[in-house]
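Shown next: my_file-v3.cif, containing mmCIF, C-alpha atoms.
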data_query
loop_
_atom_site.label_atom_id
_atom_site.label_comp_id
_atom_site.auth_asym_id
_atom_site.auth_seq_id
_atom_site.Cartn_x
_atom_site.Cartn_y
_atom_site.Cartn_z
CA MET A 1 -18.81 46.65 -3.55
CA SER A 2 -15.69 48.12 -5.23
CA PHE A 3 -16.13 49.60 -8.68
CA GLU A 4 -13.89 46.89 -10.23
CA TYR A 5 -16.31 44.14 -9.22
CA PHE A 6 -19.29 46.33 -10.16
CA ILE A 7 -17.98 46.81 -13.70
CA GLY A 8 -16.94 43.16 -13.90
CA ARG A 9 -20.52 42.13 -13.08
CA ARG A 10 -21.87 44.54 -15.72
CA TYR A 11 -19.57 42.99 -18.31
CA LEU A 12 -20.83 39.51 -17.39
CA ARG A 13 -24.50 40.50 -17.67
CA ALA A 14 -24.23 42.86 -20.63
CA LYS A 15 -24.89 41.47 -24.08
CA SER A 16 -21.71 41.32 -26.13
CA LYS A 17 -21.56 43.20 -29.41
CA GLN A 18 -20.20 40.05 -31.01
CA SER A 19 -22.22 36.93 -30.22
CA PHE A 20 -19.14 34.86 -31.07
CA ILE A 21 -17.47 36.03 -27.85
CA SER A 22 -20.51 34.95 -25.82
CA LEU A 23 -20.42 31.53 -27.49
CA ILE A 24 -16.74 31.08 -26.59
CA THR A 25 -17.57 32.07 -22.99
CA ILE A 26 -20.22 29.35 -22.82
CA LEU A 27 -17.87 26.80 -24.40
CA SER A 28 -15.11 27.76 -21.95
CA THR A 29 -17.45 27.22 -19.00
CA ALA A 30 -18.64 23.90 -20.45
CA GLY A 31 -15.04 22.79 -21.09
CA ILE A 32 -14.05 23.45 -17.50
CA ALA A 33 -17.19 21.66 -16.27
CA VAL A 34 -16.45 18.58 -18.40
CA GLY A 35 -12.81 18.51 -17.28
CA VAL A 36 -13.69 18.76 -13.58
CA MET A 37 -16.44 16.16 -13.99
CA ALA A 38 -14.05 13.72 -15.70
CA LEU A 39 -11.44 14.26 -13.01
CA ILE A 40 -13.92 13.65 -10.19
CA VAL A 41 -15.40 10.49 -11.75
CA VAL A 42 -12.06 8.90 -12.68
CA ILE A 43 -10.40 9.70 -9.34
CA ALA A 44 -13.50 8.46 -7.46
CA VAL A 45 -13.48 5.17 -9.39
CA MET A 46 -9.76 4.68 -8.83
CA THR A 47 -10.06 5.52 -5.12
CA GLY A 48 -12.98 3.13 -4.82
CA PHE A 49 -11.06 0.45 -6.72
CA GLU A 50 -8.10 0.79 -4.34
CA SER A 51 -10.30 0.81 -1.23
CA ASP A 52 -12.42 -2.14 -2.38
CA LEU A 53 -9.34 -4.08 -3.45
CA LYS A 54 -7.76 -3.44 -0.06
CA SER A 55 -10.82 -4.70 1.81
CA ARG A 56 -11.06 -7.81 -0.39
CA ILE A 57 -7.36 -8.60 0.03
CA LEU A 58 -7.58 -8.20 3.80
CA GLY A 59 -10.70 -10.35 3.83
CA GLY A 60 -8.72 -13.21 2.30
CA GLN A 61 -5.39 -12.80 4.10
CA SER A 62 -4.05 -11.78 7.48
CA HIS A 63 -2.52 -8.45 8.45
CA ILE A 64 0.81 -10.02 9.45
CA VAL A 65 2.52 -13.32 8.63
CA LEU A 66 5.18 -14.52 11.05
CA MET A 67 7.67 -17.12 9.76
CA ARG A 68 11.01 -18.62 10.66
CA HIS A 69 14.24 -18.58 8.66
CA GLY A 70 15.11 -22.13 7.70
CA GLY A 71 11.57 -23.43 7.32
CA PRO A 72 8.80 -24.80 9.57
CA PHE A 73 8.93 -24.69 13.37
CA THR A 74 7.36 -26.82 16.09
CA GLU A 75 7.17 -24.46 19.08
CA TYR A 76 4.27 -22.55 17.56
CA ARG A 77 1.85 -22.98 20.51
CA LYS A 78 4.16 -21.06 22.86
CA ILE A 79 4.80 -18.42 20.18
CA LEU A 80 1.04 -18.03 19.64
CA LYS A 81 0.58 -17.15 23.31
CA ASP A 82 3.48 -14.68 23.20
CA VAL A 83 2.16 -13.03 20.03
CA GLU A 84 -1.37 -12.63 21.42
CA LYS A 85 0.05 -10.72 24.41
CA VAL A 86 1.53 -8.00 22.16
CA ASP A 87 -0.41 -4.71 22.26
CA GLY A 88 -2.54 -4.25 19.16
CA VAL A 89 -2.83 -7.95 18.29
CA GLU A 90 -6.44 -9.05 17.97
CA SER A 91 -5.95 -12.75 17.19
CA ALA A 92 -3.46 -15.26 15.76
CA THR A 93 -3.63 -18.69 14.15
CA PRO A 94 -1.12 -21.30 12.88
CA VAL A 95 -1.01 -22.07 9.17
CA ILE A 96 0.69 -24.37 6.67
CA TYR A 97 1.35 -23.29 3.07
CA THR A 98 2.16 -25.51 0.11
CA GLN A 99 1.28 -26.10 -3.53
CA VAL A 100 -0.68 -29.17 -4.59
CA MET A 101 -2.67 -30.67 -7.43
CA LEU A 102 -6.40 -31.26 -7.06
CA ARG A 103 -8.12 -33.95 -9.11
CA ALA A 104 -11.87 -34.29 -9.46
CA SER A 105 -13.74 -36.90 -11.47
CA SER A 106 -12.75 -35.41 -14.82
CA ARG A 107 -10.59 -32.34 -14.21
CA VAL A 108 -7.26 -31.43 -12.65
CA SER A 109 -6.12 -28.06 -11.31
CA GLY A 110 -3.21 -26.63 -9.36
CA ALA A 111 -3.94 -24.94 -6.05
CA VAL A 112 -2.37 -23.23 -3.08
CA LEU A 113 -3.13 -25.44 -0.09
CA ARG A 114 -3.48 -23.88 3.33
CA GLY A 115 -3.74 -26.00 6.42
CA ILE A 116 -5.66 -24.06 9.07
CA ASP A 117 -6.99 -24.41 12.59
CA PRO A 118 -10.79 -24.10 12.14
CA GLU A 119 -11.24 -22.80 15.68
CA SER A 120 -9.03 -19.72 15.27
CA ALA A 121 -8.64 -19.18 11.50
CA GLY A 122 -11.99 -17.40 11.17
CA GLN A 123 -10.91 -14.78 13.70
CA VAL A 124 -7.90 -13.85 11.55
CA ILE A 125 -9.27 -14.36 8.00
CA LYS A 126 -12.85 -13.15 7.84
CA THR A 127 -13.79 -15.18 4.75
CA LEU A 128 -13.20 -18.36 6.79
CA ASP A 129 -15.44 -17.52 9.74
CA LYS A 130 -18.15 -19.95 8.59
CA VAL A 131 -16.13 -22.75 6.99
CA SER A 132 -16.62 -26.33 8.12
CA LEU A 133 -13.67 -28.72 7.92
CA HIS A 134 -14.52 -32.25 8.92
CA ASN A 135 -11.56 -34.02 10.55
CA PRO A 136 -11.98 -37.79 11.25
CA LYS A 137 -10.98 -39.02 14.67
CA VAL A 138 -7.70 -40.86 15.05
CA GLY A 139 -8.00 -44.62 14.59
CA MET A 140 -11.10 -44.53 12.43
CA GLY A 141 -10.91 -45.84 8.89
CA GLU A 142 -11.87 -43.95 5.75
CA SER A 143 -14.13 -46.60 4.27
CA MET A 144 -17.22 -44.53 5.09
CA ASP A 145 -17.85 -41.15 3.53
CA ASN A 146 -18.45 -39.62 6.97
CA ASN A 147 -14.86 -40.38 7.90
CA VAL A 148 -13.31 -38.68 4.86
CA PRO A 149 -11.67 -35.37 5.83
CA GLY A 150 -13.23 -32.19 4.51
CA ILE A 151 -11.81 -29.58 2.16
CA VAL A 152 -13.01 -26.04 1.39
CA LEU A 153 -12.36 -24.52 -2.05
CA GLY A 154 -12.63 -21.05 -3.51
CA LYS A 155 -15.77 -20.59 -5.57
CA GLU A 156 -13.87 -20.13 -8.84
CA LEU A 157 -11.58 -23.10 -8.15
CA ALA A 158 -14.60 -25.32 -7.51
CA ASN A 159 -16.15 -24.14 -10.79
CA ASN A 160 -12.93 -24.94 -12.64
CA LEU A 161 -12.96 -28.46 -11.19
CA GLY A 162 -16.69 -28.85 -11.79
CA VAL A 163 -17.43 -30.02 -8.24
CA GLY A 164 -20.18 -29.35 -5.71
CA ILE A 165 -20.82 -29.94 -2.03
CA GLY A 166 -20.24 -33.59 -1.10
CA ASP A 167 -18.13 -34.45 -4.17
CA THR A 168 -14.86 -36.32 -3.79
CA ILE A 169 -11.58 -34.55 -4.50
CA TYR A 170 -8.13 -36.15 -4.55
CA LEU A 171 -5.29 -34.02 -3.23
CA ILE A 172 -1.89 -34.84 -4.75
CA SER A 173 1.23 -33.54 -3.01
CA PRO A 174 4.81 -33.77 -4.35
CA ARG A 175 6.00 -34.57 -0.83
CA GLY A 176 5.36 -38.27 -1.03
CA MET A 177 7.67 -41.17 -0.30
CA ILE A 178 10.68 -42.87 -1.84
CA SER A 179 9.95 -46.34 -3.21
CA PRO A 180 12.02 -48.90 -5.13
CA ILE A 181 10.66 -47.43 -8.37
CA GLY A 182 11.44 -43.83 -7.39
CA HIS A 183 9.68 -40.90 -5.79
CA LEU A 184 5.91 -41.33 -5.44
CA PRO A 185 3.66 -38.33 -4.74
CA ALA A 186 1.25 -38.52 -1.82
CA MET A 187 -2.45 -38.70 -2.66
CA LYS A 188 -5.37 -38.42 -0.26
CA ARG A 189 -9.14 -38.38 -0.66
CA PHE A 190 -11.19 -35.44 0.61
CA LYS A 191 -14.84 -34.46 0.54
CA LEU A 192 -15.86 -30.95 -0.47
CA THR A 193 -17.66 -29.45 2.54
CA GLY A 194 -17.97 -25.82 1.51
CA PHE A 195 -16.90 -22.81 -0.54
CA PHE A 196 -15.47 -19.45 0.32
CA GLU A 197 -15.81 -16.28 -1.71
CA SER A 198 -13.59 -13.28 -0.99
CA GLY A 199 -14.48 -11.39 -4.18
CA MET A 200 -10.83 -11.58 -5.31
CA TYR A 201 -10.58 -13.79 -8.39
CA ASP A 202 -6.94 -14.71 -7.65
CA TYR A 203 -7.88 -16.02 -4.20
CA ASP A 204 -11.15 -17.68 -5.15
CA GLY A 205 -9.51 -19.41 -8.11
CA SER A 206 -6.44 -20.81 -6.37
CA PHE A 207 -6.92 -21.36 -2.61
CA ALA A 208 -7.94 -24.60 -0.92
CA TYR A 209 -8.25 -25.12 2.85
CA ILE A 210 -7.99 -28.29 4.92
CA ASN A 211 -7.57 -29.00 8.61
CA ILE A 212 -4.04 -28.28 9.80
CA GLU A 213 -3.71 -31.82 11.18
CA GLN A 214 -4.46 -33.31 7.77
CA ALA A 215 -1.92 -30.98 6.16
CA GLN A 216 0.74 -32.09 8.63
CA LYS A 217 0.06 -35.74 7.77
CA ILE A 218 0.11 -35.26 4.01
CA LEU A 219 3.29 -33.17 4.07
CA ARG A 220 4.92 -35.36 6.74
CA MET A 221 5.63 -32.30 8.90
CA GLY A 222 4.96 -33.92 12.28
CA ASN A 223 3.89 -31.17 14.69
CA SER A 224 5.36 -28.29 12.65
CA VAL A 225 3.71 -25.33 10.95
CA THR A 226 4.85 -23.00 8.18
CA GLY A 227 3.97 -19.80 9.99
CA ILE A 228 1.55 -17.84 12.15
CA GLU A 229 -1.01 -15.44 10.72
CA ILE A 230 -1.94 -12.43 12.83
CA ARG A 231 -4.78 -9.92 12.79
CA VAL A 232 -4.33 -6.51 14.46
CA ASP A 233 -6.76 -3.87 15.71
CA ASN A 234 -5.46 -1.11 13.42
CA MET A 235 -4.31 -2.42 10.05
CA TYR A 236 -2.31 0.76 9.38
CA LYS A 237 -0.12 -0.02 12.40
CA ALA A 238 0.59 -3.56 11.18
CA ARG A 239 4.22 -2.76 10.30
CA GLU A 240 4.99 -1.35 13.76
CA ILE A 241 3.36 -4.34 15.47
CA ALA A 242 5.23 -6.77 13.18
CA GLN A 243 8.55 -5.13 14.10
CA LYS A 244 7.65 -5.35 17.80
CA ILE A 245 6.84 -9.08 17.50
CA VAL A 246 10.10 -9.83 15.67
CA SER A 247 12.16 -7.83 18.17
CA ASP A 248 10.53 -9.73 21.06
CA LEU A 249 11.04 -13.17 19.49
CA GLY A 250 14.45 -12.38 17.97
CA PHE A 251 16.29 -14.28 15.26
CA PRO A 252 15.48 -16.52 13.30
CA PHE A 253 11.89 -15.20 13.15
CA TRP A 254 10.79 -12.62 10.59
CA ALA A 255 7.46 -11.04 9.66
CA ARG A 256 5.77 -9.31 6.74
CA ASP A 257 2.73 -7.06 6.94
CA TRP A 258 -0.05 -6.79 4.37
CA MET A 259 1.41 -3.61 2.86
CA GLN A 260 4.72 -5.35 2.15
CA MET A 261 2.98 -8.42 0.72
CA ASN A 262 0.96 -6.25 -1.71
CA GLN A 263 3.43 -3.38 -2.14
CA ASN A 264 3.77 -3.66 -5.92
CA LEU A 265 0.01 -3.64 -6.46
CA PHE A 266 -0.76 -0.62 -4.27
CA THR A 267 2.27 1.31 -5.54
CA ALA A 268 1.08 0.76 -9.11
CA LEU A 269 -2.44 1.92 -8.20
CA LYS A 270 -1.12 5.08 -6.53
CA LEU A 271 1.10 5.88 -9.51
CA GLU A 272 -1.76 5.26 -11.94
CA LYS A 273 -4.04 7.57 -9.95
CA THR A 274 -1.44 10.36 -10.01
CA VAL A 275 -0.80 9.98 -13.74
CA MET A 276 -4.53 9.99 -14.53
CA PHE A 277 -4.95 13.18 -12.51
CA ILE A 278 -2.17 14.87 -14.49
CA ILE A 279 -3.50 13.68 -17.85
CA LEU A 280 -7.12 14.65 -17.17
CA SER A 281 -6.00 18.04 -15.84
CA LEU A 282 -5.04 18.79 -19.44
CA ILE A 283 -8.78 18.94 -20.23
CA VAL A 284 -9.14 21.78 -17.74
CA LEU A 285 -5.99 23.38 -19.17
CA VAL A 286 -7.46 23.36 -22.69
CA ALA A 287 -10.64 24.95 -21.35
CA ALA A 288 -8.50 27.55 -19.57
CA PHE A 289 -6.98 28.54 -22.94
CA ASN A 290 -10.54 29.22 -24.08
CA VAL A 291 -11.02 31.45 -21.03
CA ALA A 292 -7.87 33.36 -21.99
CA SER A 293 -9.10 33.67 -25.59
CA THR A 294 -12.47 35.00 -24.39
CA LEU A 295 -10.80 37.63 -22.24
CA ILE A 296 -8.39 38.69 -25.01
CA MET A 297 -11.29 39.22 -27.42
CA MET A 298 -13.24 41.07 -24.75
CA VAL A 299 -10.26 43.37 -24.14
CA MET A 300 -10.28 44.14 -27.87
CA GLU A 301 -14.04 44.78 -27.76
CA LYS A 302 -13.89 46.95 -24.62
CA THR A 303 -10.89 49.03 -25.68
CA ARG A 304 -12.85 52.33 -25.60
CA ASP A 305 -14.37 51.44 -22.18
CA ILE A 306 -10.93 50.72 -20.74
CA ALA A 307 -9.62 54.02 -22.09
CA ILE A 308 -12.51 55.94 -20.53
CA LEU A 309 -11.98 54.23 -17.17
CA LYS A 310 -8.28 55.09 -17.24
CA ALA A 311 -9.08 58.69 -18.20
CA MET A 312 -11.40 58.86 -15.18
CA GLY A 313 -8.55 57.76 -12.90
CA ALA A 314 -8.70 53.95 -12.87
CA THR A 315 -5.31 52.42 -12.14
CA ASP A 316 -3.67 49.53 -14.00
CA LYS A 317 -4.34 47.34 -10.96
CA SER A 318 -8.06 48.13 -11.12
CA ILE A 319 -8.26 47.24 -14.82
CA LYS A 320 -6.50 43.94 -14.09
CA LYS A 321 -9.01 43.15 -11.34
CA ILE A 322 -11.96 43.66 -13.70
CA PHE A 323 -10.79 41.05 -16.20
CA VAL A 324 -9.38 38.64 -13.61
CA PHE A 325 -12.78 38.82 -11.88
CA LYS A 326 -14.61 37.91 -15.10
CA GLY A 327 -12.22 35.06 -15.89
CA MET A 328 -12.50 33.65 -12.36
CA VAL A 329 -16.31 33.82 -12.50
CA ILE A 330 -16.24 31.72 -15.69
CA GLY A 331 -13.79 29.28 -14.05
CA THR A 332 -15.78 29.08 -10.79
CA VAL A 333 -19.12 28.51 -12.54
CA GLY A 334 -17.55 25.80 -14.72
CA THR A 335 -15.94 24.16 -11.68
CA ILE A 336 -19.19 24.16 -9.68
CA LEU A 337 -21.09 22.66 -12.62
CA GLY A 338 -18.35 20.03 -13.02
CA VAL A 339 -18.54 19.10 -9.33
CA ILE A 340 -22.33 18.74 -9.50
CA LEU A 341 -22.16 16.63 -12.67
CA GLY A 342 -19.35 14.57 -11.15
CA PHE A 343 -21.42 13.84 -8.03
CA VAL A 344 -24.43 12.85 -10.14
CA LEU A 345 -22.41 10.54 -12.40
CA CYS A 346 -20.63 8.95 -9.40
CA THR A 347 -24.01 8.26 -7.80
CA ILE A 348 -25.26 6.59 -10.99
CA LEU A 349 -22.12 4.45 -11.29
CA LYS A 350 -22.34 3.49 -7.62
CA HIS A 351 -25.93 2.26 -7.73
CA TYR A 352 -26.25 0.87 -11.25
CA LYS A 353 -24.25 -1.76 -13.09
CA ILE A 354 -23.15 0.10 -16.22
CA ALA A 355 -20.62 -2.43 -17.57
CA GLU A 356 -19.95 -6.13 -17.12
CA LEU A 357 -16.63 -6.70 -15.35
CA THR A 358 -14.66 -9.91 -15.89
CA GLY A 359 -13.23 -11.16 -12.60
CA ASP A 360 -9.99 -12.58 -13.96
CA ILE A 361 -9.12 -9.20 -15.53
CA TYR A 362 -10.58 -6.56 -13.22
CA TYR A 363 -10.59 -8.56 -9.95
CA PHE A 364 -14.26 -7.68 -9.50
CA THR A 365 -17.47 -9.03 -10.98
CA THR A 366 -19.85 -6.48 -9.41
CA LYS A 367 -20.57 -2.79 -10.02
CA LEU A 368 -17.78 -0.27 -10.44
CA PRO A 369 -16.40 0.60 -7.00
CA VAL A 370 -16.85 4.35 -6.47
CA ARG A 371 -15.56 6.27 -3.48
CA LEU A 372 -15.57 10.05 -3.48
CA GLU A 373 -13.32 11.58 -0.83
CA PHE A 374 -13.48 15.21 0.27
CA PHE A 375 -9.71 15.69 -0.02
CA ASP A 376 -9.70 14.49 -3.65
CA VAL A 377 -12.55 16.87 -4.56
CA LEU A 378 -10.73 19.72 -2.80
CA ILE A 379 -7.54 19.04 -4.79
CA ILE A 380 -9.46 18.90 -8.09
CA VAL A 381 -11.38 22.13 -7.40
CA SER A 382 -8.22 23.92 -6.27
CA ALA A 383 -6.29 22.76 -9.35
CA ALA A 384 -9.10 23.91 -11.69
CA LEU A 385 -9.33 27.35 -10.07
CA VAL A 386 -5.55 27.83 -10.07
CA ILE A 387 -5.36 26.95 -13.79
CA CYS A 388 -8.19 29.39 -14.55
CA PHE A 389 -6.49 32.13 -12.50
CA PHE A 390 -3.24 31.82 -14.44
CA ALA A 391 -5.23 31.88 -17.69
CA THR A 392 -6.61 35.35 -16.78
CA ILE A 393 -3.25 36.97 -15.99
CA TYR A 394 -2.05 37.66 -19.54
CA PRO A 395 -5.31 39.19 -20.90
CA ALA A 396 -5.73 41.29 -17.75
CA ARG A 397 -2.17 42.56 -17.99
CA GLN A 398 -2.62 43.47 -21.66
CA ALA A 399 -5.78 45.38 -20.78
CA SER A 400 -3.98 47.34 -18.07
CA LYS A 401 -1.23 48.37 -20.51
CA LEU A 402 -3.60 50.07 -22.96
CA ASP A 403 -2.81 53.73 -23.62
CA PRO A 404 -6.06 55.66 -23.07
CA VAL A 405 -5.18 58.37 -25.65
CA ASP A 406 -4.51 55.86 -28.44
CA ALA A 407 -7.47 53.75 -27.41
CA ILE A 408 -9.90 56.70 -27.62
CA ARG A 409 -8.34 58.00 -30.83
CA TYR A 410 -8.36 54.68 -32.72
CA GLY A 411 -10.95 52.68 -30.73
#
Starting from the file, give its structure as structure tokens.
Amino acid sequence: MSFEYFIGRRYLRAKSKQSFISLITILSTAGIAVGVMALIVVIAVMTGFESDLKSRILGGQSHIVLMRHGGPFTEYRKILKDVEKVDGVESATPVIYTQVMLRASSRVSGAVLRGIDPESAGQVIKTLDKVSLHNPKVGMGESMDNNVPGIVLGKELANNLGVGIGDTIYLISPRGMISPIGHLPAMKRFKLTGFFESGMYDYDGSFAYINIEQAQKILRMGNSVTGIEIRVDNMYKAREIAQKIVSDLGFPFWARDWMQMNQNLFTALKLEKTVMFIILSLIVLVAAFNVASTLIMMVMEKTRDIAILKAMGATDKSIKKIFVFKGMVIGTVGTILGVILGFVLCTILKHYKIAELTGDIYYFTTKLPVRLEFFDVLIIVSAALVICFFATIYPARQASKLDPVDAIRYG
């Protein structure tokens, strides 16, 4: 062990002449620990929020949506086969989108109606893998309840309408017919056959699903569909696969991947995470000022010791090392304590419901989503240690500039 580190360790263990300096050292360590802990917890919650939000969004929508310029298209069966042959495509299903009004016995609500193929929709949208959509056979009347087509609603939408399984719901579409008295909206009776719950309030409070054949009848679309939804093996390659599909099919087809459809949301989350990291780093910076103050006062207290060391042949570089070593020990101990406290608090938040979350505000109604990633912890620890290192430079430099003759004479 070099003599710089030996003396630095002695200074750390030795009792200070002024207890006030020892108190500031403890407060500096605690300040760094609190700052690192806050950074770890906030970044872990925001990372977990982003990851959980991503999984919920992808549970309620496809990875890629293929559509055609100019509106619906009829040749979707051939296109489905072509799309499923593309490398990386796991499954595909036709879909119809529109906006409708839903009327129950006493309530009315707007909804986004999606006509789906029950056989293939569950392979693309995981929240629909267990839905049941009753579709009456052609030629049968609707006088009996068993012959009324089925509809599946989001859990929140069903609560808003006040309906349960087996209740009757009237679907009102603006695409009706022209009569002598003007435009009449189309209205059809459905029976609620099930719910879906993606965990996303926006989806669960606005989506309704019916059989694609019933949607074609209500909207008078014949054999057309609005688009094709696609699920891929690797969701992070969705954009490349979408471009490949469009290049194979050519104009007038176009596609959007899940990142483009939710770009504003994820960009905002990334920006918020970066800003929070910068803001909370100021806590560590304030604690680093305390480290600098501690070292400055220690330099004043150890003036005679520094002079004696210099008189014995210690170089300016060696004196710098002694005080940088002490400052970095304070910073490292504080950082380690902060990491430990951060891990403990993240574990508590992950397993216990600390606060009640409102779904229409926070998207979630469960516990805080917490996800601690090694890279985030590494960045936080590195940032804390770098800040502490820069805080030691000025006091260490001042110590190295002391004149041993003056220090011994007046110390």
Under the PyMOL selection byres ((chain A and resi 384) around 8), which residues of this model are included? Write them out as a short mmCIF file (atom, residue, chain, number, x, y, z; two decimals) with C-alpha atoms, in the frame of the given file.
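Result file is expr10.cif:
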data_model
loop_
_atom_site.label_atom_id
_atom_site.label_comp_id
_atom_site.auth_asym_id
_atom_site.auth_seq_id
_atom_site.Cartn_x
_atom_site.Cartn_y
_atom_site.Cartn_z
CA ILE A 32 -14.05 23.45 -17.50
CA VAL A 36 -13.69 18.76 -13.58
CA SER A 281 -6.00 18.04 -15.84
CA VAL A 284 -9.14 21.78 -17.74
CA GLY A 331 -13.79 29.28 -14.05
CA THR A 335 -15.94 24.16 -11.68
CA ILE A 380 -9.46 18.90 -8.09
CA VAL A 381 -11.38 22.13 -7.40
CA SER A 382 -8.22 23.92 -6.27
CA ALA A 383 -6.29 22.76 -9.35
CA LEU A 385 -9.33 27.35 -10.07
CA VAL A 386 -5.55 27.83 -10.07
CA ILE A 387 -5.36 26.95 -13.79
CA CYS A 388 -8.19 29.39 -14.55
#
### Query
Asp117 in chain A: which residues within 8 Å, counting only C-alpha atoms, same-chain residues fewer than 6 positions away excluded, as a PyMOL selection string?
chain A and resi 93-95+211-212
### Message
With distances taken over all atoms listed in the file, which residue among A:Leu402, A:Asn262, A:Ile348, A:Leu337 lies nearest Ala33 in chain A?
### Response
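Nearest candidate to Ala33 in chain A out of A:Leu402, A:Asn262, A:Ile348, A:Leu337: A:Leu337.
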### d(CA of Ala396 in chain A, CA of Ser28 in chain A) in Å
17.0 Å
### Task
Apply the PyMOL selection byres ((chain A and resi 318) around 10) to the file shown and report the selected residues as a ChimeraX atom specification.
/A:2-5,309-310,313-317,319-324,396,400
### Task
Tell me which of A:Ala38, A:Ile96, A:Ile57, A:Ala307 sits closest to Glu213 in chain A, counting all atoms listed in the file.
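For Glu213 in chain A, the nearest of the given residues is A:Ile96.
When all atoms listed in the file are used to measure the gap to Ile64 in chain A, the shortest distance among A:Leu157, A:Ile218, A:Val246, A:Ile40 belongs to A:Val246.
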### Query
Which of these, A:Leu128, A:Ile228, A:Leu345, A:Ala242, has the shortest distance to Glu75 in chain A once you count all atoms listed in the file?
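Smallest separation from Glu75 in chain A among the options: A:Ile228.
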### Interatomic distance (Å, one decimal) between CA of Ser91 in chain A and CA of Asp248 in chain A
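Going from CA of Ser91 in chain A over to CA of Asp248 in chain A, I get 17.2 Å.
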### Task
Go ahead and compute the interatomic distance for CA of Val108 in chain A and CA of Asn160 in chain A, in Å to one decimal.
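Here the two named atoms are 8.6 Å from each other.
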### Task
Give me the residues within 12 Å of Lys273 in chain A as a ChimeraX atom specification, counting all atoms listed in the file and dropping any in the same chain fewer than 5 places off.
/A:39-50,266-268,278-280,376
